[in-house]
>>> print(open('input_39.cif').read())   # mmCIF, C-alpha atoms
data_start
loop_
_atom_site.label_atom_id
_atom_site.label_comp_id
_atom_site.auth_asym_id
_atom_site.auth_seq_id
_atom_site.Cartn_x
_atom_site.Cartn_y
_atom_site.Cartn_z
CA MET A 21 89.84 101.69 88.51
CA SER A 22 87.94 101.52 91.74
CA ASP A 23 86.32 104.64 93.13
CA ALA A 24 88.08 104.22 96.50
CA SER A 25 89.87 107.25 97.93
CA PRO A 26 93.67 107.29 97.66
CA THR A 27 93.92 106.65 101.40
CA THR A 28 91.58 103.67 101.30
CA ASP A 29 93.45 102.32 98.30
CA ILE A 30 96.80 102.70 100.09
CA MET A 31 95.53 101.10 103.29
CA ASP A 32 94.06 98.14 101.39
CA ALA A 33 97.32 97.80 99.45
CA THR A 34 99.31 97.90 102.71
CA TYR A 35 97.13 95.16 104.16
CA ARG A 36 97.68 92.93 101.12
CA ALA A 37 101.43 93.65 100.96
CA LEU A 38 101.82 92.88 104.68
CA CYS A 39 99.99 89.57 104.22
CA GLU A 40 102.18 88.73 101.24
CA HIS A 41 105.62 89.79 102.49
CA GLY A 42 105.40 90.11 106.28
CA TYR A 43 106.30 93.19 108.29
CA ALA A 44 110.09 92.81 108.21
CA ASP A 45 110.38 92.35 104.45
CA VAL A 46 107.60 94.52 103.05
CA THR A 47 108.81 97.53 101.03
CA MET A 48 107.21 100.69 99.67
CA LYS A 49 107.61 99.09 96.25
CA ASP A 50 105.57 96.05 97.36
CA ILE A 51 102.83 98.33 98.66
CA ALA A 52 102.81 100.42 95.48
CA ALA A 53 102.56 97.19 93.47
CA GLU A 54 99.38 96.27 95.38
CA SER A 55 97.89 99.75 94.92
CA GLU A 56 96.80 101.82 91.96
CA MET A 57 99.64 104.29 92.32
CA SER A 58 103.32 104.43 91.46
CA LYS A 59 106.03 104.20 94.08
CA ALA A 60 106.69 107.92 93.47
CA ALA A 61 103.04 108.77 94.12
CA LEU A 62 103.12 106.67 97.29
CA HIS A 63 106.19 108.60 98.46
CA TYR A 64 104.28 111.81 97.80
CA HIS A 65 101.78 110.70 100.48
CA TYR A 66 104.24 109.07 102.90
CA ASP A 67 107.88 109.89 103.55
CA SER A 68 108.85 106.37 104.57
CA LYS A 69 107.67 102.84 105.18
CA HIS A 70 107.65 103.73 108.87
CA ASP A 71 105.24 106.67 108.33
CA LEU A 72 103.01 104.57 106.13
CA LEU A 73 102.84 101.71 108.65
CA VAL A 74 102.05 104.12 111.48
CA SER A 75 99.19 105.56 109.40
CA PHE A 76 98.09 102.03 108.63
CA LEU A 77 98.02 101.25 112.38
CA GLU A 78 95.96 104.39 113.01
CA ASP A 79 93.53 103.42 110.27
CA LEU A 80 93.28 99.93 111.74
CA LEU A 81 92.68 101.35 115.22
CA GLU A 82 89.87 103.53 113.92
CA SER A 83 88.19 100.62 112.20
CA PHE A 84 88.73 98.36 115.24
CA THR A 85 87.15 101.01 117.50
CA ASP A 86 84.17 101.32 115.15
CA ARG A 87 83.69 97.57 115.13
CA LEU A 88 83.95 97.41 118.94
CA ASP A 89 81.34 100.17 119.22
CA ALA A 90 79.10 98.18 116.91
CA VAL A 91 79.41 94.97 118.96
CA ASP A 92 75.87 93.82 119.43
CA GLY A 93 74.00 91.46 121.69
CA ASP A 94 70.88 91.42 123.83
CA THR A 95 72.78 90.58 127.01
CA PRO A 96 76.22 91.44 128.45
CA ALA A 97 77.19 87.75 128.02
CA GLU A 98 76.34 87.96 124.31
CA ARG A 99 78.31 91.19 123.96
CA LEU A 100 81.30 89.62 125.71
CA HIS A 101 81.09 86.64 123.37
CA ALA A 102 80.82 88.95 120.33
CA THR A 103 83.90 90.88 121.53
CA VAL A 104 85.93 87.68 121.81
CA GLU A 105 84.77 86.64 118.34
CA LEU A 106 85.64 90.05 116.90
CA PHE A 107 89.16 90.04 118.31
CA LEU A 108 89.91 86.44 117.39
CA ALA A 109 87.98 86.18 114.13
CA THR A 110 90.08 84.19 111.75
CA SER A 111 89.83 81.98 108.74
CA PRO A 112 92.62 79.40 109.02
CA GLU A 113 93.25 79.37 105.28
CA GLY A 114 92.61 83.02 104.47
CA PRO A 115 94.81 86.10 104.50
CA ASP A 116 93.90 86.57 108.17
CA ARG A 117 96.58 84.12 109.21
CA GLU A 118 99.29 86.05 107.37
CA PHE A 119 97.94 89.31 108.69
CA LYS A 120 97.97 88.09 112.29
CA THR A 121 101.59 87.13 111.81
CA ALA A 122 102.40 90.64 110.55
CA VAL A 123 100.60 92.10 113.59
CA LEU A 124 102.71 89.95 115.92
CA GLU A 125 105.85 91.15 114.10
CA LEU A 126 104.66 94.71 114.66
CA LYS A 127 104.10 93.99 118.37
CA ALA A 128 107.71 92.81 118.62
CA GLN A 129 108.72 96.23 117.24
CA GLY A 130 107.16 98.01 120.24
CA PRO A 131 110.42 98.41 122.17
CA TYR A 132 112.27 99.72 119.10
CA ASP A 133 109.69 102.16 117.75
CA ASP A 134 107.92 104.76 119.93
CA ASP A 135 105.27 105.55 117.29
CA VAL A 136 104.34 101.91 116.84
CA ARG A 137 104.32 101.28 120.58
CA GLU A 138 102.02 104.25 121.24
CA ARG A 139 99.46 102.99 118.70
CA LEU A 140 99.64 99.45 120.07
CA ALA A 141 99.17 100.78 123.60
CA GLU A 142 96.10 102.70 122.41
CA PHE A 143 94.66 99.51 120.83
CA ASP A 144 95.18 97.79 124.16
CA ARG A 145 93.47 100.55 126.13
CA VAL A 146 90.51 100.74 123.73
CA LEU A 147 89.94 96.98 123.98
CA GLN A 148 90.33 96.89 127.75
CA ARG A 149 87.94 99.82 128.21
CA HIS A 150 85.38 98.08 126.03
CA VAL A 151 85.66 94.77 127.92
CA ARG A 152 85.46 96.61 131.23
CA THR A 153 82.23 98.33 130.17
CA VAL A 154 80.64 95.04 129.11
CA LEU A 155 81.66 93.42 132.41
CA ALA A 156 80.42 96.38 134.48
CA ASP A 157 77.06 96.30 132.65
CA GLY A 158 76.80 92.61 133.42
CA VAL A 159 77.62 93.01 137.10
CA GLU A 160 75.22 95.92 137.46
CA SER A 161 72.34 94.14 135.74
CA GLY A 162 72.95 90.92 137.68
CA ALA A 163 73.87 88.98 134.54
CA PHE A 164 77.38 88.48 135.95
CA ARG A 165 78.45 87.55 139.46
CA ASP A 166 78.51 90.51 141.79
CA ASP A 167 81.97 89.60 143.09
CA VAL A 168 83.67 90.06 139.68
CA ASP A 169 86.38 92.71 139.97
CA VAL A 170 85.76 94.37 136.62
CA ASP A 171 89.18 96.03 136.35
CA ALA A 172 91.20 92.89 137.07
CA ALA A 173 88.87 90.75 134.96
CA ALA A 174 89.02 93.13 131.97
CA ASP A 175 92.80 93.15 132.18
CA PHE A 176 92.88 89.38 132.39
CA VAL A 177 90.49 88.94 129.44
CA VAL A 178 92.64 91.27 127.28
CA SER A 179 95.75 89.30 128.26
CA SER A 180 94.12 86.00 127.31
CA LEU A 181 92.90 87.38 123.98
CA ASN A 182 96.43 88.58 123.21
CA GLY A 183 97.78 85.21 124.31
CA VAL A 184 95.47 83.23 122.03
CA HIS A 185 96.61 85.39 119.12
CA THR A 186 100.31 84.94 120.02
CA ARG A 187 100.03 81.19 120.57
CA SER A 188 98.18 80.60 117.31
CA VAL A 189 100.89 82.43 115.35
CA ALA A 190 103.81 80.90 117.28
CA THR A 191 102.64 77.28 117.47
CA GLY A 192 100.19 76.99 114.59
CA ARG A 193 97.51 75.75 116.99
CA PRO A 194 94.01 76.60 115.75
CA VAL A 195 92.46 79.65 117.37
CA ASP A 196 89.12 77.84 117.79
CA GLU A 197 90.33 75.39 120.45
CA MET A 198 91.90 78.11 122.57
CA ARG A 199 88.96 80.44 122.09
CA ASP A 200 86.57 77.72 123.27
CA ALA A 201 88.67 77.18 126.42
CA LEU A 202 88.64 80.91 127.04
CA GLU A 203 84.89 81.21 126.57
CA GLN A 204 84.22 78.18 128.73
CA TYR A 205 86.36 79.62 131.50
CA LEU A 206 84.65 83.00 131.26
CA GLU A 207 81.27 81.31 131.27
CA THR A 208 81.98 79.41 134.50
CA THR A 209 83.74 82.25 136.30
CA ILE A 210 81.74 85.32 135.35
CA VAL A 211 78.22 84.11 134.77
CA PRO A 212 76.46 83.10 138.01
CA PRO A 213 75.61 79.42 138.39
CA GLU A 214 72.13 78.36 137.20
CA GLY A 215 69.41 79.05 139.70
CA SER A 216 71.40 81.54 141.76
CA ARG A 217 69.80 84.55 140.14
CA MET B 1 138.75 81.93 130.42
CA SER B 2 135.78 80.40 132.12
CA ASP B 3 135.60 76.64 132.59
CA ALA B 4 132.20 76.46 130.87
CA SER B 5 131.72 73.85 128.13
CA PRO B 6 131.74 75.10 124.53
CA THR B 7 127.98 74.53 124.34
CA THR B 8 127.28 76.52 127.52
CA ASP B 9 129.57 79.27 126.29
CA ILE B 10 127.78 79.40 122.92
CA MET B 11 124.32 79.41 124.51
CA ASP B 12 125.28 82.19 126.91
CA ALA B 13 126.79 84.14 124.02
CA THR B 14 123.62 83.64 121.97
CA TYR B 15 121.52 84.94 124.85
CA ARG B 16 123.67 88.07 125.16
CA ALA B 17 123.80 88.66 121.40
CA LEU B 18 120.01 88.29 121.11
CA CYS B 19 119.53 90.82 123.91
CA GLU B 20 121.95 93.21 122.24
CA HIS B 21 120.86 92.94 118.59
CA GLY B 22 117.38 91.37 118.55
CA TYR B 23 116.40 88.27 116.62
CA ALA B 24 116.10 89.83 113.16
CA ASP B 25 119.48 91.53 113.18
CA VAL B 26 121.70 89.17 115.18
CA THR B 27 124.47 87.51 113.16
CA MET B 28 126.87 84.61 113.71
CA LYS B 29 129.56 87.26 113.99
CA ASP B 30 127.71 88.98 116.85
CA ILE B 31 127.35 85.66 118.66
CA ALA B 32 131.03 84.80 118.15
CA ALA B 33 131.93 88.26 119.49
CA GLU B 34 130.03 87.46 122.72
CA SER B 35 131.67 84.03 123.05
CA GLU B 36 135.20 82.79 123.55
CA MET B 37 135.43 81.35 120.06
CA SER B 38 136.06 82.66 116.58
CA LYS B 39 133.34 82.89 113.96
CA ALA B 40 135.06 79.96 112.16
CA ALA B 41 134.93 77.83 115.33
CA LEU B 42 131.27 78.73 115.80
CA HIS B 43 130.57 77.61 112.23
CA TYR B 44 132.32 74.35 113.05
CA HIS B 45 129.60 73.68 115.64
CA TYR B 46 126.63 75.15 113.73
CA ASP B 47 126.04 75.37 109.99
CA SER B 48 123.91 78.48 110.16
CA LYS B 49 122.28 81.07 112.38
CA HIS B 50 119.07 79.08 111.95
CA ASP B 51 120.68 75.87 113.32
CA LEU B 52 122.24 77.75 116.20
CA LEU B 53 118.98 79.44 117.15
CA VAL B 54 117.10 76.13 117.03
CA SER B 55 119.72 74.61 119.37
CA PHE B 56 119.38 77.66 121.56
CA LEU B 57 115.61 77.14 121.73
CA GLU B 58 116.14 73.47 122.65
CA ASP B 59 118.57 74.45 125.37
CA LEU B 60 116.11 77.02 126.66
CA LEU B 61 113.30 74.45 126.62
CA GLU B 62 115.41 72.03 128.66
CA SER B 63 116.24 74.65 131.25
CA PHE B 64 112.60 75.86 131.33
CA THR B 65 111.40 72.28 131.88
CA ASP B 66 113.91 71.82 134.72
CA ARG B 67 112.79 75.01 136.37
CA LEU B 68 109.11 74.03 136.01
CA ASP B 69 109.89 70.65 137.59
CA ALA B 70 111.61 72.47 140.45
CA VAL B 71 108.62 74.76 141.09
CA ASP B 72 108.05 74.55 144.79
CA GLY B 73 105.28 75.33 147.24
CA ASP B 74 103.44 73.69 150.10
CA THR B 75 100.04 74.03 148.45
CA PRO B 76 98.72 73.91 144.85
CA ALA B 77 97.91 77.64 145.14
CA GLU B 78 101.55 78.36 146.02
CA ARG B 79 102.76 76.21 143.14
CA LEU B 80 100.42 78.00 140.72
CA HIS B 81 101.71 81.33 141.99
CA ALA B 82 105.33 80.17 141.62
CA THR B 83 104.60 79.03 138.04
CA VAL B 84 103.19 82.43 137.13
CA GLU B 85 106.23 84.11 138.70
CA LEU B 86 108.61 81.78 136.85
CA PHE B 87 107.04 82.46 133.46
CA LEU B 88 106.74 86.21 133.93
CA ALA B 89 109.87 86.88 135.97
CA THR B 90 111.37 90.09 134.71
CA SER B 91 113.53 92.94 135.80
CA PRO B 92 112.28 96.04 133.99
CA GLU B 93 115.78 97.44 133.58
CA GLY B 94 117.72 94.23 133.03
CA PRO B 95 118.52 92.18 129.93
CA ASP B 96 115.24 90.30 130.47
CA ARG B 97 113.32 93.01 128.70
CA GLU B 98 115.48 92.73 125.58
CA PHE B 99 115.35 88.96 125.75
CA LYS B 100 111.56 88.92 125.98
CA THR B 101 111.46 91.07 122.86
CA ALA B 102 113.71 88.57 121.04
CA VAL B 103 111.41 85.74 122.15
CA LEU B 104 108.39 87.58 120.73
CA GLU B 105 110.28 88.08 117.46
CA LEU B 106 110.94 84.33 117.43
CA LYS B 107 107.24 83.63 118.03
CA ALA B 108 106.41 85.74 114.97
CA GLN B 109 108.72 83.43 112.99
CA GLY B 110 106.53 80.41 113.78
CA PRO B 111 104.62 80.46 110.49
CA TYR B 112 107.82 80.86 108.44
CA ASP B 113 110.03 78.28 110.15
CA ASP B 114 108.92 74.71 110.91
CA ASP B 115 111.84 74.02 113.28
CA VAL B 116 111.18 77.12 115.35
CA ARG B 117 107.42 76.47 115.40
CA GLU B 118 107.90 72.88 116.62
CA ARG B 119 110.06 74.01 119.55
CA LEU B 120 107.64 76.80 120.44
CA ALA B 121 104.75 74.32 120.33
CA GLU B 122 106.70 72.03 122.68
CA PHE B 123 107.27 74.92 125.11
CA ASP B 124 103.54 75.56 125.02
CA ARG B 125 102.65 71.91 125.69
CA VAL B 126 105.18 71.60 128.54
CA LEU B 127 103.81 74.69 130.26
CA GLN B 128 100.18 73.69 129.76
CA ARG B 129 100.82 70.17 131.08
CA HIS B 130 102.51 71.62 134.15
CA VAL B 131 99.66 74.05 134.87
CA ARG B 132 97.11 71.29 134.33
CA THR B 133 98.89 69.08 136.90
CA VAL B 134 98.95 71.85 139.49
CA LEU B 135 95.26 72.57 138.91
CA ALA B 136 94.32 68.88 139.05
CA ASP B 137 96.25 68.47 142.34
CA GLY B 138 94.37 71.43 143.74
CA VAL B 139 90.96 70.16 142.69
CA GLU B 140 91.70 66.67 144.02
CA SER B 141 92.95 67.92 147.38
CA GLY B 142 90.07 70.35 147.75
CA ALA B 143 92.36 73.39 147.63
CA PHE B 144 90.64 74.51 144.40
CA ARG B 145 86.94 74.56 143.55
CA ASP B 146 85.67 71.18 142.45
CA ASP B 147 83.92 72.68 139.43
CA VAL B 148 87.18 73.88 137.80
CA ASP B 149 87.56 72.28 134.36
CA VAL B 150 91.30 71.68 134.55
CA ASP B 151 91.84 71.36 130.79
CA ALA B 152 90.05 74.56 129.86
CA ALA B 153 91.52 76.42 132.84
CA ALA B 154 95.09 75.31 132.04
CA ASP B 155 94.64 76.41 128.45
CA PHE B 156 93.26 79.73 129.58
CA VAL B 157 96.08 80.31 132.08
CA VAL B 158 98.71 79.59 129.40
CA SER B 159 96.96 82.01 127.04
CA SER B 160 96.94 84.75 129.66
CA LEU B 161 100.61 84.21 130.51
CA ASN B 162 101.47 84.49 126.83
CA GLY B 163 99.28 87.57 126.57
CA VAL B 164 100.96 89.34 129.49
CA HIS B 165 104.31 88.70 127.83
CA THR B 166 103.09 89.99 124.44
CA ARG B 167 101.42 93.07 125.88
CA SER B 168 104.43 94.05 127.95
CA VAL B 169 106.67 93.90 124.87
CA ALA B 170 104.18 95.58 122.52
CA THR B 171 102.93 98.39 124.76
CA GLY B 172 105.73 98.80 127.30
CA ARG B 173 103.24 98.28 130.13
CA PRO B 174 104.93 96.83 133.23
CA VAL B 175 104.44 93.08 133.67
CA ASP B 176 103.69 93.51 137.38
CA GLU B 177 100.32 95.24 136.92
CA MET B 178 99.06 92.63 134.48
CA ARG B 179 100.46 89.76 136.55
CA ASP B 180 98.64 91.07 139.62
CA ALA B 181 95.35 91.21 137.69
CA LEU B 182 95.94 87.65 136.50
CA GLU B 183 96.73 86.37 139.97
CA GLN B 184 93.77 88.18 141.48
CA TYR B 185 91.46 86.67 138.90
CA LEU B 186 92.86 83.20 139.47
CA GLU B 187 92.54 83.64 143.20
CA THR B 188 88.85 84.53 143.00
CA THR B 189 87.90 81.97 140.35
CA ILE B 190 89.91 78.90 141.31
CA VAL B 191 90.32 79.06 145.06
CA PRO B 192 87.04 78.38 146.91
CA PRO B 193 85.59 81.27 148.90
CA GLU B 194 86.63 81.48 152.58
CA GLY B 195 84.68 79.21 154.85
CA SER B 196 83.36 76.98 152.06
CA ARG B 197 85.98 74.28 152.67
#
>>> encode(input="input_39.cif", output="C-alpha cells")
Amino acid sequence: MSDASPTTDIMDATYRALCEHGYADVTMKDIAAESEMSKAALHYHYDSKHDLLVSFLEDLLESFTDRLDAVDGDTPAERLHATVELFLATSPEGPDREFKTAVLELKAQGPYDDDVRERLAEFDRVLQRHVRTVLADGVESGAFRDDVDVDAAADFVVSSLNGVHTRSVATGRPVDEMRDALEQYLETTIVPPEGSR
Amino acid sequence: MSDASPTTDIMDATYRALCEHGYADVTMKDIAAESEMSKAALHYHYDSKHDLLVSFLEDLLESFTDRLDAVDGDTPAERLHATVELFLATSPEGPDREFKTAVLELKAQGPYDDDVRERLAEFDRVLQRHVRTVLADGVESGAFRDDVDVDAAADFVVSSLNGVHTRSVATGRPVDEMRDALEQYLETTIVPPEGSR
C-alpha cells in the first residue's frame, strides 16, 4: 500500500490506464485495475468514466498551472525556452508518447463534450497567458524586440506548440526536430539581432 | 442519379458520413447510406472500413496536392497568405467543422495505424515542401527577409497551421482569430520592414 490519497491514487491510475488503453477504449474497470481500489469503490467516487476523466483533466490543469508558475530562468529568453520544453517534454520510448496520444484523442472530443471542451479551453488560456507574460517581460526589459506584438505572438506560439504535439502523434515525427525549428524561429524573430541592444 | 464515378460517389459519401458520425463511430453501413450503392456493393470495392478510410485519405491527399499546386498570387507573400487560407478554410456553421473534427480523430489514430500514419506523414511533407518553396521564392526575390531560414520557418509554419486546426477543434475557438495572429506574426517576421527594400 502506498500512502497516497485516494484522489492521487485514482489520478495516477487514470494516467496509466489512458496510456495503456487510449481514451476511446479505456474503461472504469481498466482504471480500477491500475488503482488500489475496486471498481465499486471507484464508482463511489465517480458516477461515470466521463466524470472521472473531467476530474482527471482538472487535476492535470492544476498540475500544469503549478509547473508553468514554477518555470524558471534568469532571462525572458530562458523562461520562454523552459516553457517550450515543459509543454513538449517527451521521452520517445516512455509512457509520454501514449499519453500524448490520449490527450489528442481528448482534444478531438471537444466538439462532442462541453465539459471536456471547457477544460481544454482553460488549458489553452492558461498557457497563452503565461507565454504572453514572458514575452511582455522580454519586450519591456529590452531582451526582446520592441516591435513584437505580444498578443499575436503569444497566440502564434501556443498554436505552434499545439501543432508540434499534433504532428508528432499523427506522423510519428520526433518532437525534437520540430521543437528545434520552433526555437530557432523564435530566436531569430523575437530576440534582437546581436549588437542592436 | 448523378453521373459521378463510383469512386467519386464513395468518397463524397465517406466525407458526408464522417461529418455526420465522426471517425470513431462511422460504419460501412453509414457510408453506404450516404452513397448510391448498397452495403454489399461497397464491400465489393473495399474489404473494410479501414481500407475505405485509407483510400479516402489518399483521395484527399491528391485533391489537397492539386489545390496547393493551384495556389495563386502575384507575390510570394500573396501565395503564403493563400496557402494559409487554403489549409484553414472553414465555415463555422458548415460541414467543415465536423470534418475537421473527424480529421483530428484520424490524427489521433496515427500511433495505432501504420497506413493512416503514412498518409498523414505524406500530407505533412507535401504541405511543408510547398511552404518551403514559397518562402525560398520570397527570399530569393527579395520579397522576404534574407535572414529567413526557410527550412526552420517552413517547419514552424506547418506546426502553427496544425496547431490552429487542433485548437479550434479542442476549444471551439474560431479559426479566424488564430489565423489572423498567425498571419500578423508572419507578416512582421518574414516580410522586410517598409523602406528596407
>>> closest_residue(input="input_39.cif", among="B:His43, B:His165, B:Arg67, B:Arg145", to="Lys107 in chain B", atoms="only C-alpha atoms")
B:His165
>>> resolve_selection(input="input_39.cif", expression="the PyMOL selection byres ((chain B) within 6 of (chain A))", output="PyMOL selection string")
chain B and resi 101+104-105+107-108+110+117+120-121+152+156+159-160+162-164+170-171+181-182+189
>>> closest_residue(input="input_39.cif", among="A:Thr28, A:Lys69, A:Thr95, A:Leu108", to="Asp45 in chain A", atoms="all atoms listed in the file")
A:Lys69
>>> atom_distance(input="input_39.cif", atom1="CA of Ala53 in chain A", atom2="CA of Ile30 in chain A")
10.4 Å
>>> atom_distance(input="input_39.cif", atom1="CA of Gly138 in chain B", atom2="CA of Leu61 in chain B")
25.7 Å
>>> atom_distance(input="input_39.cif", atom1="CA of His150 in chain A", atom2="CA of Asp92 in chain A")
12.3 Å
>>> build_atoms(input="input_39.cif", residues="range 136-146 of chain B", atoms="all heavy atoms", output="mmCIF file, in the coordinates of the input")
data_model
loop_
_atom_site.group_PDB
_atom_site.id
_atom_site.type_symbol
_atom_site.label_atom_id
_atom_site.label_comp_id
_atom_site.auth_asym_id
_atom_site.auth_seq_id
_atom_site.Cartn_x
_atom_site.Cartn_y
_atom_site.Cartn_z
ATOM 1 N N ALA B 136 94.943 70.169 138.715
ATOM 2 C CA ALA B 136 94.320 68.880 139.050
ATOM 3 C C ALA B 136 94.635 68.492 140.504
ATOM 4 O O ALA B 136 93.752 68.013 141.231
ATOM 5 C CB ALA B 136 94.793 67.794 138.088
ATOM 6 N N ASP B 137 95.884 68.722 140.933
ATOM 7 C CA ASP B 137 96.250 68.470 142.340
ATOM 8 C C ASP B 137 95.359 69.280 143.272
ATOM 9 O O ASP B 137 94.896 68.787 144.309
ATOM 10 C CB ASP B 137 97.711 68.883 142.608
ATOM 11 C CG ASP B 137 98.711 67.903 142.005
ATOM 12 O OD1 ASP B 137 98.278 66.829 141.532
ATOM 13 O OD2 ASP B 137 99.914 68.231 141.998
ATOM 14 N N GLY B 138 95.157 70.537 142.895
ATOM 15 C CA GLY B 138 94.370 71.430 143.740
ATOM 16 C C GLY B 138 92.912 71.009 143.819
ATOM 17 O O GLY B 138 92.288 71.076 144.890
ATOM 18 N N VAL B 139 92.365 70.597 142.689
ATOM 19 C CA VAL B 139 90.960 70.160 142.690
ATOM 20 C C VAL B 139 90.829 68.880 143.513
ATOM 21 O O VAL B 139 89.930 68.746 144.351
ATOM 22 C CB VAL B 139 90.456 69.942 141.237
ATOM 23 C CG1 VAL B 139 89.084 69.263 141.242
ATOM 24 C CG2 VAL B 139 90.392 71.271 140.483
ATOM 25 N N GLU B 140 91.775 67.953 143.308
ATOM 26 C CA GLU B 140 91.700 66.670 144.020
ATOM 27 C C GLU B 140 91.830 66.840 145.532
ATOM 28 O O GLU B 140 91.123 66.188 146.301
ATOM 29 C CB GLU B 140 92.783 65.739 143.491
ATOM 30 C CG GLU B 140 92.527 64.279 143.859
ATOM 31 C CD GLU B 140 93.509 63.338 143.185
ATOM 32 O OE1 GLU B 140 94.248 63.803 142.288
ATOM 33 O OE2 GLU B 140 93.546 62.163 143.566
ATOM 34 N N SER B 141 92.716 67.741 145.933
ATOM 35 C CA SER B 141 92.950 67.920 147.380
ATOM 36 C C SER B 141 91.927 68.843 148.019
ATOM 37 O O SER B 141 91.950 69.060 149.223
ATOM 38 C CB SER B 141 94.354 68.481 147.597
ATOM 39 O OG SER B 141 94.409 69.826 147.157
ATOM 40 N N GLY B 142 91.070 69.442 147.200
ATOM 41 C CA GLY B 142 90.070 70.350 147.750
ATOM 42 C C GLY B 142 90.570 71.776 147.934
ATOM 43 O O GLY B 142 89.859 72.639 148.422
ATOM 44 N N ALA B 143 91.821 72.024 147.514
ATOM 45 C CA ALA B 143 92.360 73.390 147.630
ATOM 46 C C ALA B 143 91.720 74.304 146.584
ATOM 47 O O ALA B 143 91.612 75.511 146.801
ATOM 48 C CB ALA B 143 93.873 73.369 147.448
ATOM 49 N N PHE B 144 91.310 73.722 145.441
ATOM 50 C CA PHE B 144 90.640 74.510 144.400
ATOM 51 C C PHE B 144 89.189 74.042 144.295
ATOM 52 O O PHE B 144 88.843 72.938 144.720
ATOM 53 C CB PHE B 144 91.346 74.316 143.042
ATOM 54 C CG PHE B 144 92.755 74.860 143.006
ATOM 55 C CD1 PHE B 144 93.671 74.380 142.068
ATOM 56 C CD2 PHE B 144 93.189 75.856 143.881
ATOM 57 C CE1 PHE B 144 94.976 74.881 142.009
ATOM 58 C CE2 PHE B 144 94.485 76.355 143.833
ATOM 59 C CZ PHE B 144 95.379 75.863 142.891
ATOM 60 N N ARG B 145 88.362 74.896 143.719
ATOM 61 C CA ARG B 145 86.940 74.560 143.550
ATOM 62 C C ARG B 145 86.795 73.248 142.770
ATOM 63 O O ARG B 145 87.533 73.016 141.812
ATOM 64 C CB ARG B 145 86.247 75.646 142.714
ATOM 65 C CG ARG B 145 86.253 77.000 143.368
ATOM 66 C CD ARG B 145 85.485 77.990 142.491
ATOM 67 N NE ARG B 145 85.605 79.317 143.091
ATOM 68 C CZ ARG B 145 84.693 80.286 142.997
ATOM 69 N NH1 ARG B 145 83.601 80.106 142.296
ATOM 70 N NH2 ARG B 145 84.876 81.448 143.585
ATOM 71 N N ASP B 146 85.800 72.471 143.128
ATOM 72 C CA ASP B 146 85.670 71.180 142.450
ATOM 73 C C ASP B 146 85.007 71.304 141.080
ATOM 74 O O ASP B 146 84.943 70.331 140.336
ATOM 75 C CB ASP B 146 84.935 70.159 143.336
ATOM 76 C CG ASP B 146 83.547 70.638 143.709
ATOM 77 O OD1 ASP B 146 83.106 71.678 143.152
ATOM 78 O OD2 ASP B 146 82.903 69.998 144.559
#
